[in-house]
Amino acid sequence: MKIVQVEGLTKKYGDIVAVDNISLGIHEGEIFGLLGPNGAGKSTAIHMISGLLPMDKGAIDILGQDIRKNSSFTKNNTGIVPQDLAIYEDLTAYENVHFFAGLYGLRGSELKQRTEEALEFVGLADKAKTFPKGFSGGMKRRLNIACAIAHRPKLIIMDEPTVGIDPQSRNHILQSIKKLNEMGCTIIYTSHYMEEVEEICSRIAIMDHGKVIAEGTKEELKATITNTNSVWITVDSFDKVQENQLKEISGVLSVELDENVVKVSSSSDISNLDKIIHYFTSNHIPLRNIENKITNLETVFLILTGRKLRD
């Protein structure tokens, strides 16, 4: 069963096409990752699926209902965890969850129980009477999630829920997402952290320039570029000019500089490692380490978009 069906979704801002006629089907029980570099259109698409932004063209069905014709039904069955925190710092953690859960029609003892359950689920039950202005970034993110799940939605849309938090809090949130999924929730997930998507998503769509350019499981996406090799070269320094020069070598598909590691992807049909190494040595760039890498989701993304995820 498809929880979400998107057909021909389009959004323009003047002459700029932010989302260009995309179609997606998200099945019940999936954790569906939506990836794309900044400006790819994923946030705009998420906002339209969430009902927060009107579409110019297309159709969105959630649980078999057109969101334009049955907005109250889709709202009551959807939880939204926005990238920008949607909590009130002058309300306690309990009051925040209680308020948002009440917007979904919960009342009385059920509202109280659901509020307590949501705080317990995100590990903030002991902070129920505390104001979030004193919370860490990770605690605020967890409270943001509690506000979105107290009404027990069937679909949860999470837009960058772990941005800017410590590793321990990130791990807590990722484990919570897995547990929500095990409890029957379907989740749409966007992130700038490729390792998160690798860990939790069952299927992934990659967007660029407003279009979906690839879709499938991690294994299916990796299979699309089995004709590539990747080598990671550690150096002391490397600049944009050198990066562009390296791209001119025959067979090189993409070059990404990640701190002091130069990540080069090449066509496996062309043997060019000697030329790549020669470029470094002839330009007097000391090589600290050379490592052949197996294809991963980051490599797929880089080759398909020509950009790293955090651009």
# chains A, B, ... in the order shown; residues from 1 in each chain; ligands from 1
$ residues_around --residues "A:Thr74" --least-positions-apart "5" --cutoff "8 Å" --atoms "only C-alpha atoms" --output "PyMOL selection string"
chain A and resi 62-63+65+67
$ residues_around --residues "A:Asp56" --least-positions-apart "5" --cutoff "8 Å" --atoms "only C-alpha atoms" --output "JSON, numbers by chain"
{"A": [9, 10, 11, 12]}
$ write_last_selection --atoms "N, CA and C atoms" --output "PDB file, in the first residue's frame"
ATOM      1  N   LEU A   9       4.264  16.884  -9.485  1.00  0.00           N
ATOM      2  CA  LEU A   9       4.352  18.006  -8.541  1.00  0.00           C
ATOM      3  C   LEU A   9       5.282  19.095  -9.066  1.00  0.00           C
ATOM      4  N   THR A  10       4.779  20.327  -9.107  1.00  0.00           N
ATOM      5  CA  THR A  10       5.534  21.444  -9.670  1.00  0.00           C
ATOM      6  C   THR A  10       5.349  22.692  -8.811  1.00  0.00           C
ATOM      7  N   LYS A  11       6.452  23.418  -8.616  1.00  0.00           N
ATOM      8  CA  LYS A  11       6.400  24.691  -7.902  1.00  0.00           C
ATOM      9  C   LYS A  11       7.385  25.664  -8.528  1.00  0.00           C
ATOM     10  N   LYS A  12       6.882  26.862  -8.870  1.00  0.00           N
ATOM     11  CA  LYS A  12       7.721  27.892  -9.470  1.00  0.00           C
ATOM     12  C   LYS A  12       7.727  29.136  -8.587  1.00  0.00           C
TER      13      LYS A  12
END
$ residues_around --residues "stretch 93-107 of chain A" --least-positions-apart "6" --cutoff "9 Å" --atoms "only C-alpha atoms" --output "mmCIF file with C-alpha atoms, in the first residue's frame"
data_model
loop_
_atom_site.group_PDB
_atom_site.id
_atom_site.type_symbol
_atom_site.label_atom_id
_atom_site.label_comp_id
_atom_site.auth_asym_id
_atom_site.auth_seq_id
_atom_site.Cartn_x
_atom_site.Cartn_y
_atom_site.Cartn_z
ATOM 1 C CA LYS A 75 -3.324 16.689 8.982
ATOM 2 C CA ASN A 76 -4.610 14.317 11.659
ATOM 3 C CA ILE A 87 8.586 24.848 20.139
ATOM 4 C CA ARG A 114 -0.380 10.904 24.907
ATOM 5 C CA THR A 115 1.659 13.900 26.100
ATOM 6 C CA GLU A 116 3.347 11.837 28.794
ATOM 7 C CA ALA A 118 5.584 11.241 23.807
ATOM 8 C CA LEU A 119 7.922 12.780 26.382
ATOM 9 C CA LEU A 124 12.427 13.816 28.302
ATOM 10 C CA ALA A 125 9.919 12.574 30.883
ATOM 11 C CA LYS A 127 12.231 17.278 32.045
ATOM 12 C CA ALA A 128 8.458 17.643 31.700
ATOM 13 C CA LYS A 129 8.270 20.691 33.990
ATOM 14 C CA THR A 130 11.428 22.320 32.578
ATOM 15 C CA PHE A 131 11.417 25.223 30.125
ATOM 16 C CA PRO A 132 13.234 24.360 26.871
ATOM 17 C CA LEU A 143 11.117 17.848 22.135
ATOM 18 C CA ASN A 144 10.371 18.914 18.562
ATOM 19 C CA ALA A 146 7.640 14.649 20.756
ATOM 20 C CA CYS A 147 5.358 17.478 19.626
ATOM 21 C CA ALA A 148 4.985 15.784 16.215
ATOM 22 C CA ILE A 149 4.244 12.226 17.373
ATOM 23 C CA ALA A 150 1.914 12.611 20.372
ATOM 24 C CA HIS A 151 -1.197 12.187 18.192
#
$ residues_around --residues "stretch 14-19 of chain A" --least-positions-apart "2" --cutoff "9 Å" --atoms "only C-alpha atoms" --output "PDB file with N, CA and C atoms, in the first residue's frame"
ATOM      1  N   LEU A   9       4.264  16.884  -9.485  1.00  0.00           N
ATOM      2  CA  LEU A   9       4.352  18.006  -8.541  1.00  0.00           C
ATOM      3  C   LEU A   9       5.282  19.095  -9.066  1.00  0.00           C
ATOM      4  N   THR A  10       4.779  20.327  -9.107  1.00  0.00           N
ATOM      5  CA  THR A  10       5.534  21.444  -9.670  1.00  0.00           C
ATOM      6  C   THR A  10       5.349  22.692  -8.811  1.00  0.00           C
ATOM      7  N   LYS A  11       6.452  23.418  -8.616  1.00  0.00           N
ATOM      8  CA  LYS A  11       6.400  24.691  -7.902  1.00  0.00           C
ATOM      9  C   LYS A  11       7.385  25.664  -8.528  1.00  0.00           C
ATOM     10  N   LYS A  12       6.882  26.862  -8.870  1.00  0.00           N
ATOM     11  CA  LYS A  12       7.721  27.892  -9.470  1.00  0.00           C
ATOM     12  C   LYS A  12       7.727  29.136  -8.587  1.00  0.00           C
ATOM     13  N   ASN A  21       7.901  18.903 -11.893  1.00  0.00           N
ATOM     14  CA  ASN A  21       7.113  17.769 -12.382  1.00  0.00           C
ATOM     15  C   ASN A  21       7.586  16.426 -11.816  1.00  0.00           C
ATOM     16  N   ILE A  22       7.741  16.374 -10.489  1.00  0.00           N
ATOM     17  CA  ILE A  22       8.244  15.137  -9.885  1.00  0.00           C
ATOM     18  C   ILE A  22       7.090  14.208  -9.501  1.00  0.00           C
ATOM     19  N   GLY A  39      19.306  23.834  -2.749  1.00  0.00           N
ATOM     20  CA  GLY A  39      18.767  24.364  -3.987  1.00  0.00           C
ATOM     21  C   GLY A  39      18.224  23.305  -4.925  1.00  0.00           C
ATOM     22  N   ALA A  40      18.259  22.033  -4.494  1.00  0.00           N
ATOM     23  CA  ALA A  40      17.798  20.944  -5.355  1.00  0.00           C
ATOM     24  C   ALA A  40      16.284  20.884  -5.450  1.00  0.00           C
ATOM     25  N   GLY A  41      15.590  21.444  -4.453  1.00  0.00           N
ATOM     26  CA  GLY A  41      14.137  21.438  -4.451  1.00  0.00           C
ATOM     27  C   GLY A  41      13.516  20.516  -3.421  1.00  0.00           C
ATOM     28  N   LYS A  42      14.340  19.818  -2.630  1.00  0.00           N
ATOM     29  CA  LYS A  42      13.777  18.832  -1.699  1.00  0.00           C
ATOM     30  C   LYS A  42      12.963  19.487  -0.587  1.00  0.00           C
ATOM     31  N   THR A  44      11.365  22.333  -0.700  1.00  0.00           N
ATOM     32  CA  THR A  44      10.110  22.809  -1.299  1.00  0.00           C
ATOM     33  C   THR A  44       9.147  21.644  -1.483  1.00  0.00           C
ATOM     34  N   ALA A  45       9.659  20.519  -1.962  1.00  0.00           N
ATOM     35  CA  ALA A  45       8.819  19.325  -2.133  1.00  0.00           C
ATOM     36  C   ALA A  45       8.258  18.858  -0.790  1.00  0.00           C
ATOM     37  N   HIS A 209      18.286  20.076  -9.179  1.00  0.00           N
ATOM     38  CA  HIS A 209      17.668  21.033 -10.108  1.00  0.00           C
ATOM     39  C   HIS A 209      16.169  20.807 -10.241  1.00  0.00           C
ATOM     40  N   GLY A 210      15.522  20.491  -9.127  1.00  0.00           N
ATOM     41  CA  GLY A 210      14.077  20.371  -9.108  1.00  0.00           C
ATOM     42  C   GLY A 210      13.515  19.051  -9.577  1.00  0.00           C
ATOM     43  N   LYS A 211      14.370  18.128 -10.007  1.00  0.00           N
ATOM     44  CA  LYS A 211      13.922  16.843 -10.542  1.00  0.00           C
ATOM     45  C   LYS A 211      14.424  15.683  -9.693  1.00  0.00           C
TER      46      LYS A 211
END
$ residues_around --residues "A:Arg141" --least-positions-apart "5" --cutoff "12 Å" --atoms "only C-alpha atoms" --output "VMD selection string"
chain A and resid 81 to 87 93 122 to 124 132 135 to 136 146 to 148 158 to 166 169 to 170 172 to 174 176
$ closest_residue --among "A:Ser72, A:Thr234, A:Ser191, A:Gln168" --to "A:Phe32" --atoms "only C-alpha atoms"
A:Ser191
